[in-house]
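Undergrad: Sharing a structure below in structure tokens format, with a few things to ask.
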Amino acid sequence: MASQWGVVEPFIIYLVEGRYFLYDANVVSHVREMHRMCGCLTGTLPQIPQQNVFLGLPLELMTEEAALLVEKGAGYVVDDVKSHERGLKAMMEADKQAFLAAREAESVREMQVLLKAAEERKKAYKTPKASSLKDGDDGGEDGEAEDASEEMEEEPSSATVFDPDTKPKNSRNSQDISSTALRYYPVPSTSMPLYHKPLPPPPLSSLAPVPSKTSYPLYKHLHANSYFLSPGLRFGCQFMAYPGDPLRFHSHFVVTGMGWDEEIEMRDIVGGGRLGTGVKKAWMIGGEDKDKPGTVRTFCVEWGGF
Amino acid sequence: MSAPPPTDHSSPHLLDLLQTVHKNLLHQADWSSLEIHTSPSYPRPLITGLPPDPVYIDPDSASDYSADDRDALERKQQEWVLPVALREKWTLRKWAEVFDSLPEGFWGLNKEGVEKGKRLLLAVVSEDSTIVHYIVHDGIVKPRQN
């Protein structure tokens, strides 16, 4: 059944170099709303990679998030590079030509729309001017002072007066302009089905990087208790646990997963308690109870105040 | 897995910790009704006592609590203290064992009438006898200030 974003489960989780990504904004919304997972936006502008404060698609999922989605049957993992290569190889020549033609047609259509819009802008710009500044339009000096687009428009008429060879740049007629005008090719953020053929969902989807045994039970436990979890690198822990959507709440816990018999130094507990209290959160450690598989114990530490 | 061997409550190390924390609570932190628990039913020696001021106020009932109210329930709440040394290493299993040995329902009921989760004060003793106390809750307990 499709959700309100038109997402049908199981959706594809793309695997690239051992990391899990979602490319489609609809899937990202769906996962956030229906599965309480926010992931991490990682996309930046290709020309300005240093602009990394506000990132966009694709969304990188934590290994734990991908694992839980696969476990729930909500998504399945597809190796992005392999499926792309497979799709390219399997593509028929006729399909390829048809696709290129369609792409070209779309580009031309878009360009014509752009040119038409530009014409209309010019008209709208000229019309009031003609009425208010009739004299200015006739004067040669005023024409030179005006911007380049206006000059281009006027040239075809003046080219008959002046020698066309002296001004080759401006002698283009409107058709020439359209052939050299800026063309855009549509670049969708999701992969095109033609040259990208992911396999249908396998009965048992496998994960390439599997989540850590110490953190995954704790992740599932908190997730089942309606917490939103995000990566905790900022606070030197594994997860940050929010009681609701991170856009609406401050996080309550900085969380570290541990093995049942994994030793932790008292100094680290003191450090964790200080860290948590310092940022108005509680520091939480927890893990799966080895003696009672499936149950998770958690402990929250705060400074005692004296 | 078999249960770990019971800790010898009479080891000089543990007795020394116990004495240090007990003296600190009594003379420096002004706790009263201090009691030392060394029964083998506890994995480690523990202390209970009544702090002069409540050490923990449930964030959900914090608005109802007034520091001037001498008869507030929070003022009568005894706390469990677990003395540990800074150089010790602990595991989730050991903490779970300590919490499992604490009595149920010791901390009263919350606003919904459900028993509050267990908590204890971790008294960490460093080599120069400095003691720092941390509140440890069993389960998912939201922080006081958020």
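Labels used: A, B, ... for chains in the order of the structure tokens, numbers from 1 for residues in each chain, and numbers from 1 for ligands as shown.
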Enumerate, in order of chain and increasing residue number, the residues of chain A with an atom no farther than 8 Å from chain B, each with its shortest atom pair and distance in Å to one decimal, counting only C-alpha atoms, as a Markdown table.
TA:
```
| residue | atom | partner | partner_atom | distance |
| --- | --- | --- | --- | --- |
| A:His250 | CA | B:Asn146 | CA | 7.2 |
| A:His252 | CA | B:Lys142 | CA | 6.1 |
| A:Phe253 | CA | B:Lys142 | CA | 7.5 |
| A:Met258 | CA | B:Leu92 | CA | 7.6 |
| A:Gly259 | CA | B:Leu92 | CA | 7.5 |
| A:Trp260 | CA | B:Leu92 | CA | 5.3 |
| A:Asp261 | CA | B:Thr91 | CA | 5.4 |
| A:Glu262 | CA | B:Thr91 | CA | 5.6 |
| A:Glu263 | CA | B:Thr91 | CA | 4.8 |
| A:Ile264 | CA | B:Trp90 | CA | 5.3 |
| A:Glu265 | CA | B:Lys89 | CA | 4.5 |
| A:Met266 | CA | B:Leu86 | CA | 5.4 |
| A:Arg267 | CA | B:Leu86 | CA | 6.2 |
| A:Val270 | CA | B:Tyr134 | CA | 7.6 |
| A:Gly273 | CA | B:Tyr134 | CA | 7.0 |
| A:Lys280 | CA | B:Asn146 | CA | 5.4 |
| A:Lys281 | CA | B:Pro143 | CA | 5.6 |
| A:Ala282 | CA | B:Pro143 | CA | 5.2 |
| A:Gly286 | CA | B:Leu92 | CA | 7.0 |
| A:Gly287 | CA | B:Leu92 | CA | 7.3 |
| A:Asp289 | CA | B:Arg93 | CA | 7.6 |
| A:Asp291 | CA | B:Met1 | CA | 7.0 |
| A:Arg297 | CA | B:Gly139 | CA | 6.5 |
| A:Thr298 | CA | B:Gly139 | CA | 4.9 |
| A:Phe299 | CA | B:Asp138 | CA | 4.9 |
| A:Cys300 | CA | B:His137 | CA | 5.0 |
| A:Val301 | CA | B:Val136 | CA | 4.6 |
| A:Glu302 | CA | B:Ile135 | CA | 5.2 |
| A:Trp303 | CA | B:Tyr134 | CA | 4.4 |
| A:Gly304 | CA | B:Tyr134 | CA | 4.4 |
| A:Gly305 | CA | B:Val55 | CA | 7.1 |
| A:Phe306 | CA | B:His133 | CA | 6.5 |
```
Undergrad: If we count only C-alpha atoms, what is near region 30-43 of chain A at a cut-off of 9 Å, once residues fewer than 2 positions away on the same chain are taken out, given as JSON, numbers by chain?
TA: {"A": [3, 4, 5, 6, 7, 21, 25, 26, 27, 28, 45, 46, 49, 52, 54, 55, 56, 57, 58, 59, 60, 61, 62, 65, 69, 74, 223, 226, 227, 228, 229, 230, 231, 244, 245, 246]}
Undergrad: Write the selection just made, keeping N, CA, C and O atoms, as a compact mmCIF listing (two decimals), in the first residue's frame?
TA:
```txt
# COMPACT_ATOMS: atom_id res chain seq x y z
N SER A 3 1.93 5.02 0.77
CA SER A 3 1.69 6.00 1.82
C SER A 3 1.32 7.33 1.18
O SER A 3 1.19 7.43 -0.04
N GLN A 4 1.16 8.36 1.98
CA GLN A 4 0.73 9.65 1.44
C GLN A 4 1.79 10.27 0.54
O GLN A 4 1.52 11.23 -0.16
N TRP A 5 2.99 9.71 0.55
CA TRP A 5 4.04 10.22 -0.35
C TRP A 5 4.19 9.33 -1.59
O TRP A 5 5.14 9.47 -2.32
N GLY A 6 3.25 8.40 -1.72
CA GLY A 6 3.32 7.52 -2.88
C GLY A 6 4.43 6.51 -2.78
O GLY A 6 4.90 6.00 -3.79
N VAL A 7 4.88 6.23 -1.56
CA VAL A 7 5.95 5.25 -1.38
C VAL A 7 5.34 3.88 -1.13
O VAL A 7 4.45 3.74 -0.30
N PHE A 21 22.04 4.71 1.60
CA PHE A 21 21.51 6.01 1.19
C PHE A 21 20.06 5.89 0.72
O PHE A 21 19.63 4.87 0.20
N ALA A 25 13.18 12.07 -2.10
CA ALA A 25 12.64 12.88 -1.00
C ALA A 25 11.36 12.27 -0.43
O ALA A 25 11.10 12.38 0.77
N ASN A 26 10.60 11.61 -1.28
CA ASN A 26 9.35 11.00 -0.80
C ASN A 26 9.65 9.86 0.17
O ASN A 26 8.98 9.71 1.19
N VAL A 27 10.66 9.08 -0.16
CA VAL A 27 11.04 7.97 0.73
C VAL A 27 11.58 8.54 2.05
O VAL A 27 11.29 8.03 3.14
N VAL A 28 12.34 9.63 1.94
CA VAL A 28 12.89 10.26 3.14
C VAL A 28 11.75 10.71 4.07
O VAL A 28 11.76 10.47 5.27
N LEU A 45 26.49 21.01 -2.69
CA LEU A 45 26.56 21.48 -4.07
C LEU A 45 27.88 21.00 -4.67
O LEU A 45 28.93 21.23 -4.09
N PRO A 46 27.85 20.36 -5.84
CA PRO A 46 29.07 19.79 -6.41
C PRO A 46 30.17 20.85 -6.58
O PRO A 46 31.35 20.55 -6.43
N PRO A 49 31.60 22.33 -2.38
CA PRO A 49 31.48 21.29 -1.34
C PRO A 49 31.78 21.82 0.07
O PRO A 49 31.44 21.17 1.04
N ASN A 52 28.70 23.23 3.84
CA ASN A 52 28.22 21.99 4.44
C ASN A 52 27.39 22.23 5.69
O ASN A 52 27.31 21.40 6.56
N PHE A 54 24.00 23.49 5.44
CA PHE A 54 22.67 23.05 5.05
C PHE A 54 22.83 22.04 3.92
O PHE A 54 23.09 22.41 2.78
N LEU A 55 22.68 20.79 4.26
CA LEU A 55 22.89 19.74 3.27
C LEU A 55 21.55 19.24 2.75
O LEU A 55 20.51 19.45 3.36
N GLY A 56 21.60 18.59 1.62
CA GLY A 56 20.37 18.07 1.01
C GLY A 56 20.49 16.60 0.71
O GLY A 56 21.28 15.88 1.34
N LEU A 57 19.70 16.13 -0.25
CA LEU A 57 19.74 14.72 -0.63
C LEU A 57 21.11 14.38 -1.20
O LEU A 57 21.76 15.25 -1.73
N PRO A 58 21.58 13.17 -1.11
CA PRO A 58 20.90 12.02 -0.52
C PRO A 58 20.99 11.98 1.00
O PRO A 58 21.78 12.68 1.60
N LEU A 59 20.13 11.16 1.55
CA LEU A 59 20.09 10.97 2.99
C LEU A 59 20.85 9.70 3.33
O LEU A 59 20.58 8.65 2.76
N GLU A 60 21.81 9.82 4.22
CA GLU A 60 22.53 8.62 4.64
C GLU A 60 21.86 8.05 5.89
O GLU A 60 21.57 8.78 6.83
N LEU A 61 21.61 6.76 5.85
CA LEU A 61 21.00 6.10 7.02
C LEU A 61 22.10 5.53 7.90
O LEU A 61 23.13 5.07 7.39
N MET A 62 21.88 5.54 9.19
CA MET A 62 22.79 4.81 10.08
C MET A 62 22.65 3.33 9.78
O MET A 62 21.59 2.86 9.35
N GLU A 65 19.69 1.94 11.42
CA GLU A 65 18.42 2.30 10.80
C GLU A 65 18.15 1.39 9.60
O GLU A 65 17.04 0.85 9.45
N LEU A 69 15.05 -1.26 9.20
CA LEU A 69 14.11 -1.17 8.08
C LEU A 69 14.06 -2.49 7.32
O LEU A 69 12.99 -2.96 6.94
N ALA A 74 10.41 -3.19 5.59
CA ALA A 74 10.01 -1.92 4.99
C ALA A 74 10.90 -1.55 3.81
O ALA A 74 10.49 -0.80 2.93
N HIS A 223 14.18 2.71 20.05
CA HIS A 223 13.28 2.99 18.93
C HIS A 223 11.88 2.46 19.23
O HIS A 223 10.88 3.13 18.95
N SER A 226 9.58 4.67 21.20
CA SER A 226 9.18 5.91 20.52
C SER A 226 10.24 6.99 20.52
O SER A 226 9.90 8.16 20.36
N TYR A 227 11.49 6.63 20.69
CA TYR A 227 12.53 7.66 20.61
C TYR A 227 13.03 7.78 19.17
O TYR A 227 13.05 6.79 18.43
N PHE A 228 13.38 9.00 18.80
CA PHE A 228 14.08 9.24 17.53
C PHE A 228 15.57 9.18 17.87
O PHE A 228 16.00 9.84 18.82
N LEU A 229 16.33 8.44 17.09
CA LEU A 229 17.76 8.36 17.38
C LEU A 229 18.56 8.94 16.23
O LEU A 229 18.25 8.71 15.06
N SER A 230 19.57 9.70 16.59
CA SER A 230 20.44 10.26 15.56
C SER A 230 21.87 9.98 15.96
O SER A 230 22.15 9.68 17.10
N PRO A 231 22.79 10.06 15.01
CA PRO A 231 24.18 9.76 15.34
C PRO A 231 24.70 10.68 16.45
O PRO A 231 24.36 11.85 16.49
N GLY A 244 10.84 12.93 20.54
CA GLY A 244 9.95 13.08 19.39
C GLY A 244 10.79 13.53 18.22
O GLY A 244 12.01 13.38 18.24
N ASP A 245 10.16 14.11 17.24
CA ASP A 245 10.93 14.56 16.08
C ASP A 245 11.98 15.57 16.52
O ASP A 245 11.68 16.49 17.28
N PRO A 246 13.23 15.40 16.05
CA PRO A 246 14.31 16.31 16.48
C PRO A 246 14.03 17.78 16.17
O PRO A 246 14.64 18.66 16.78
```
Undergrad: Would you kindly return, as an mmCIF file with all heavy atoms, in the first residue's frame, each protein, DNA or RNA residue with an atom no farther than 8 Å from any atom of Ser251 (chain A), considering only C-alpha atoms and excluding same-chain residues fewer than 6 positions away?
TA:
```cif
data_model
loop_
_atom_site.group_PDB
_atom_site.id
_atom_site.type_symbol
_atom_site.label_atom_id
_atom_site.label_comp_id
_atom_site.auth_asym_id
_atom_site.auth_seq_id
_atom_site.Cartn_x
_atom_site.Cartn_y
_atom_site.Cartn_z
ATOM 1 N N MET A 240 22.040 9.935 19.916
ATOM 2 C CA MET A 240 21.315 10.896 20.724
ATOM 3 C C MET A 240 19.853 10.502 20.624
ATOM 4 O O MET A 240 19.358 10.220 19.536
ATOM 5 C CB MET A 240 21.507 12.305 20.182
ATOM 6 C CG MET A 240 22.884 12.837 20.475
ATOM 7 S SD MET A 240 23.315 14.099 19.329
ATOM 8 C CE MET A 240 22.128 15.323 19.813
ATOM 9 N N ALA A 241 19.169 10.463 21.759
ATOM 10 C CA ALA A 241 17.774 10.017 21.764
ATOM 11 C C ALA A 241 16.857 11.214 21.988
ATOM 12 O O ALA A 241 16.979 11.915 22.997
ATOM 13 C CB ALA A 241 17.555 8.971 22.853
ATOM 14 N N TYR A 242 15.973 11.448 21.031
ATOM 15 C CA TYR A 242 14.996 12.532 21.120
ATOM 16 C C TYR A 242 13.634 11.923 21.461
ATOM 17 O O TYR A 242 13.267 10.899 20.902
ATOM 18 C CB TYR A 242 14.877 13.265 19.788
ATOM 19 C CG TYR A 242 16.117 13.985 19.342
ATOM 20 C CD1 TYR A 242 17.170 13.294 18.748
ATOM 21 C CD2 TYR A 242 16.237 15.355 19.492
ATOM 22 C CE1 TYR A 242 18.305 13.951 18.328
ATOM 23 C CE2 TYR A 242 17.374 16.023 19.067
ATOM 24 C CZ TYR A 242 18.401 15.316 18.485
ATOM 25 O OH TYR A 242 19.517 15.984 18.077
ATOM 26 N N PRO A 243 12.866 12.581 22.340
ATOM 27 C CA PRO A 243 11.554 12.024 22.694
ATOM 28 C C PRO A 243 10.531 12.171 21.572
ATOM 29 O O PRO A 243 9.442 11.616 21.657
ATOM 30 C CB PRO A 243 11.153 12.839 23.921
ATOM 31 C CG PRO A 243 11.913 14.102 23.805
ATOM 32 C CD PRO A 243 13.187 13.792 23.102
ATOM 33 N N LYS A 281 21.334 16.904 29.517
ATOM 34 C CA LYS A 281 20.794 15.615 29.102
ATOM 35 C C LYS A 281 21.209 14.590 30.147
ATOM 36 O O LYS A 281 21.929 14.917 31.080
ATOM 37 C CB LYS A 281 21.359 15.211 27.739
ATOM 38 C CG LYS A 281 21.156 16.261 26.659
ATOM 39 C CD LYS A 281 21.688 15.809 25.362
ATOM 40 C CE LYS A 281 21.864 16.956 24.377
ATOM 41 N NZ LYS A 281 20.750 17.885 24.334
#
```
Undergrad: Could you give me the residues within region 201-244 of chain A that DSSP places in strand (DSSP E), as JSON, numbers by chain?
TA: {"A": [228, 229, 230, 231, 239, 240, 241, 242]}
Undergrad: For Lys290 (chain A), which residue out of A:Thr214, A:Ser29, A:Ser83, A:Thr63 is the nearest one, using only C-alpha atoms?
TA: A:Thr214
Undergrad: Using only C-alpha atoms, which protein or nucleic acid residues come within 9 Å of region 110-115 of chain A? Drop anything in the same chain fewer than 4 positions from it, and give the result as an mmCIF file with all heavy atoms, in the first residue's frame.
TA:
```cif
data_model
loop_
_atom_site.group_PDB
_atom_site.id
_atom_site.type_symbol
_atom_site.label_atom_id
_atom_site.label_comp_id
_atom_site.auth_asym_id
_atom_site.auth_seq_id
_atom_site.Cartn_x
_atom_site.Cartn_y
_atom_site.Cartn_z
ATOM 1 N N ALA A 105 14.321 16.025 -26.767
ATOM 2 C CA ALA A 105 13.050 16.721 -26.993
ATOM 3 C C ALA A 105 12.649 17.503 -25.747
ATOM 4 O O ALA A 105 12.219 18.663 -25.836
ATOM 5 C CB ALA A 105 11.968 15.707 -27.361
ATOM 6 N N GLU A 106 12.834 16.884 -24.604
ATOM 7 C CA GLU A 106 12.490 17.538 -23.342
ATOM 8 C C GLU A 106 13.332 18.794 -23.144
ATOM 9 O O GLU A 106 12.846 19.848 -22.747
ATOM 10 C CB GLU A 106 12.724 16.542 -22.191
ATOM 11 C CG GLU A 106 12.690 17.143 -20.804
ATOM 12 C CD GLU A 106 11.290 17.526 -20.372
ATOM 13 O OE1 GLU A 106 10.331 17.026 -20.992
ATOM 14 O OE2 GLU A 106 11.173 18.344 -19.446
ATOM 15 N N GLU A 119 11.326 36.417 -23.919
ATOM 16 C CA GLU A 119 10.705 37.348 -24.858
ATOM 17 C C GLU A 119 9.653 38.183 -24.145
ATOM 18 O O GLU A 119 9.612 39.411 -24.276
ATOM 19 C CB GLU A 119 10.008 36.577 -25.997
ATOM 20 C CG GLU A 119 10.915 36.010 -27.074
ATOM 21 C CD GLU A 119 11.712 37.083 -27.793
ATOM 22 O OE1 GLU A 119 11.127 38.138 -28.134
ATOM 23 O OE2 GLU A 119 12.916 36.871 -27.995
ATOM 24 N N GLU A 120 8.829 37.465 -23.363
ATOM 25 C CA GLU A 120 7.730 38.160 -22.690
ATOM 26 C C GLU A 120 8.252 39.170 -21.686
ATOM 27 O O GLU A 120 7.696 40.247 -21.533
ATOM 28 C CB GLU A 120 6.806 37.140 -22.014
ATOM 29 C CG GLU A 120 5.696 36.703 -22.944
ATOM 30 C CD GLU A 120 5.009 35.438 -22.486
ATOM 31 O OE1 GLU A 120 5.151 35.090 -21.302
ATOM 32 O OE2 GLU A 120 4.346 34.811 -23.328
ATOM 33 N N SER A 178 18.331 30.810 -30.732
ATOM 34 C CA SER A 178 17.709 29.641 -30.103
ATOM 35 C C SER A 178 18.636 28.424 -30.168
ATOM 36 O O SER A 178 18.655 27.601 -29.272
ATOM 37 C CB SER A 178 16.369 29.332 -30.766
ATOM 38 O OG SER A 178 16.592 28.831 -32.067
ATOM 39 N N ALA A 181 21.316 29.086 -27.462
ATOM 40 C CA ALA A 181 20.841 29.483 -26.136
ATOM 41 C C ALA A 181 21.184 28.394 -25.116
ATOM 42 O O ALA A 181 21.409 27.238 -25.468
ATOM 43 C CB ALA A 181 19.340 29.723 -26.155
ATOM 44 N N LEU A 182 21.214 28.787 -23.883
ATOM 45 C CA LEU A 182 21.551 27.865 -22.798
ATOM 46 C C LEU A 182 20.536 26.730 -22.758
ATOM 47 O O LEU A 182 19.332 26.960 -22.747
ATOM 48 C CB LEU A 182 21.518 28.641 -21.482
ATOM 49 C CG LEU A 182 22.211 27.998 -20.308
ATOM 50 C CD1 LEU A 182 23.651 27.643 -20.662
ATOM 51 C CD2 LEU A 182 22.159 28.942 -19.128
ATOM 52 N N ARG A 183 21.060 25.521 -22.807
ATOM 53 C CA ARG A 183 20.170 24.364 -22.777
ATOM 54 C C ARG A 183 20.343 23.650 -21.455
ATOM 55 O O ARG A 183 21.442 23.512 -20.930
ATOM 56 C CB ARG A 183 20.537 23.416 -23.912
ATOM 57 C CG ARG A 183 20.347 24.015 -25.282
ATOM 58 C CD ARG A 183 19.034 23.578 -25.882
ATOM 59 N NE ARG A 183 18.913 22.159 -26.013
ATOM 60 C CZ ARG A 183 19.168 21.481 -27.137
ATOM 61 N NH1 ARG A 183 19.601 22.104 -28.202
ATOM 62 N NH2 ARG A 183 18.986 20.191 -27.194
ATOM 63 N N TYR A 184 19.236 23.189 -20.923
ATOM 64 C CA TYR A 184 19.286 22.419 -19.682
ATOM 65 C C TYR A 184 18.888 20.984 -19.961
ATOM 66 O O TYR A 184 17.947 20.750 -20.714
ATOM 67 C CB TYR A 184 18.335 23.002 -18.638
ATOM 68 C CG TYR A 184 18.698 24.399 -18.222
ATOM 69 C CD1 TYR A 184 18.016 25.493 -18.745
ATOM 70 C CD2 TYR A 184 19.718 24.619 -17.320
ATOM 71 C CE1 TYR A 184 18.347 26.776 -18.377
ATOM 72 C CE2 TYR A 184 20.049 25.902 -16.943
ATOM 73 C CZ TYR A 184 19.371 26.980 -17.474
ATOM 74 O OH TYR A 184 19.711 28.233 -17.102
ATOM 75 N N TYR A 185 19.587 20.062 -19.365
ATOM 76 C CA TYR A 185 19.169 18.671 -19.458
ATOM 77 C C TYR A 185 18.642 18.257 -18.099
ATOM 78 O O TYR A 185 19.266 18.550 -17.077
ATOM 79 C CB TYR A 185 20.336 17.783 -19.874
ATOM 80 C CG TYR A 185 20.696 17.978 -21.330
ATOM 81 C CD1 TYR A 185 21.697 18.856 -21.700
ATOM 82 C CD2 TYR A 185 19.986 17.302 -22.307
ATOM 83 C CE1 TYR A 185 22.008 19.063 -23.032
ATOM 84 C CE2 TYR A 185 20.292 17.497 -23.641
ATOM 85 C CZ TYR A 185 21.305 18.375 -24.013
ATOM 86 O OH TYR A 185 21.589 18.579 -25.312
#
```
Undergrad: Taking 5 positions as the minimum chain separation for residues in the same chain, which residues sit within 9 Å of His221 (chain A) when counting only C-alpha atoms? Answer as a ChimeraX atom specification.
TA: /A:216,295-296
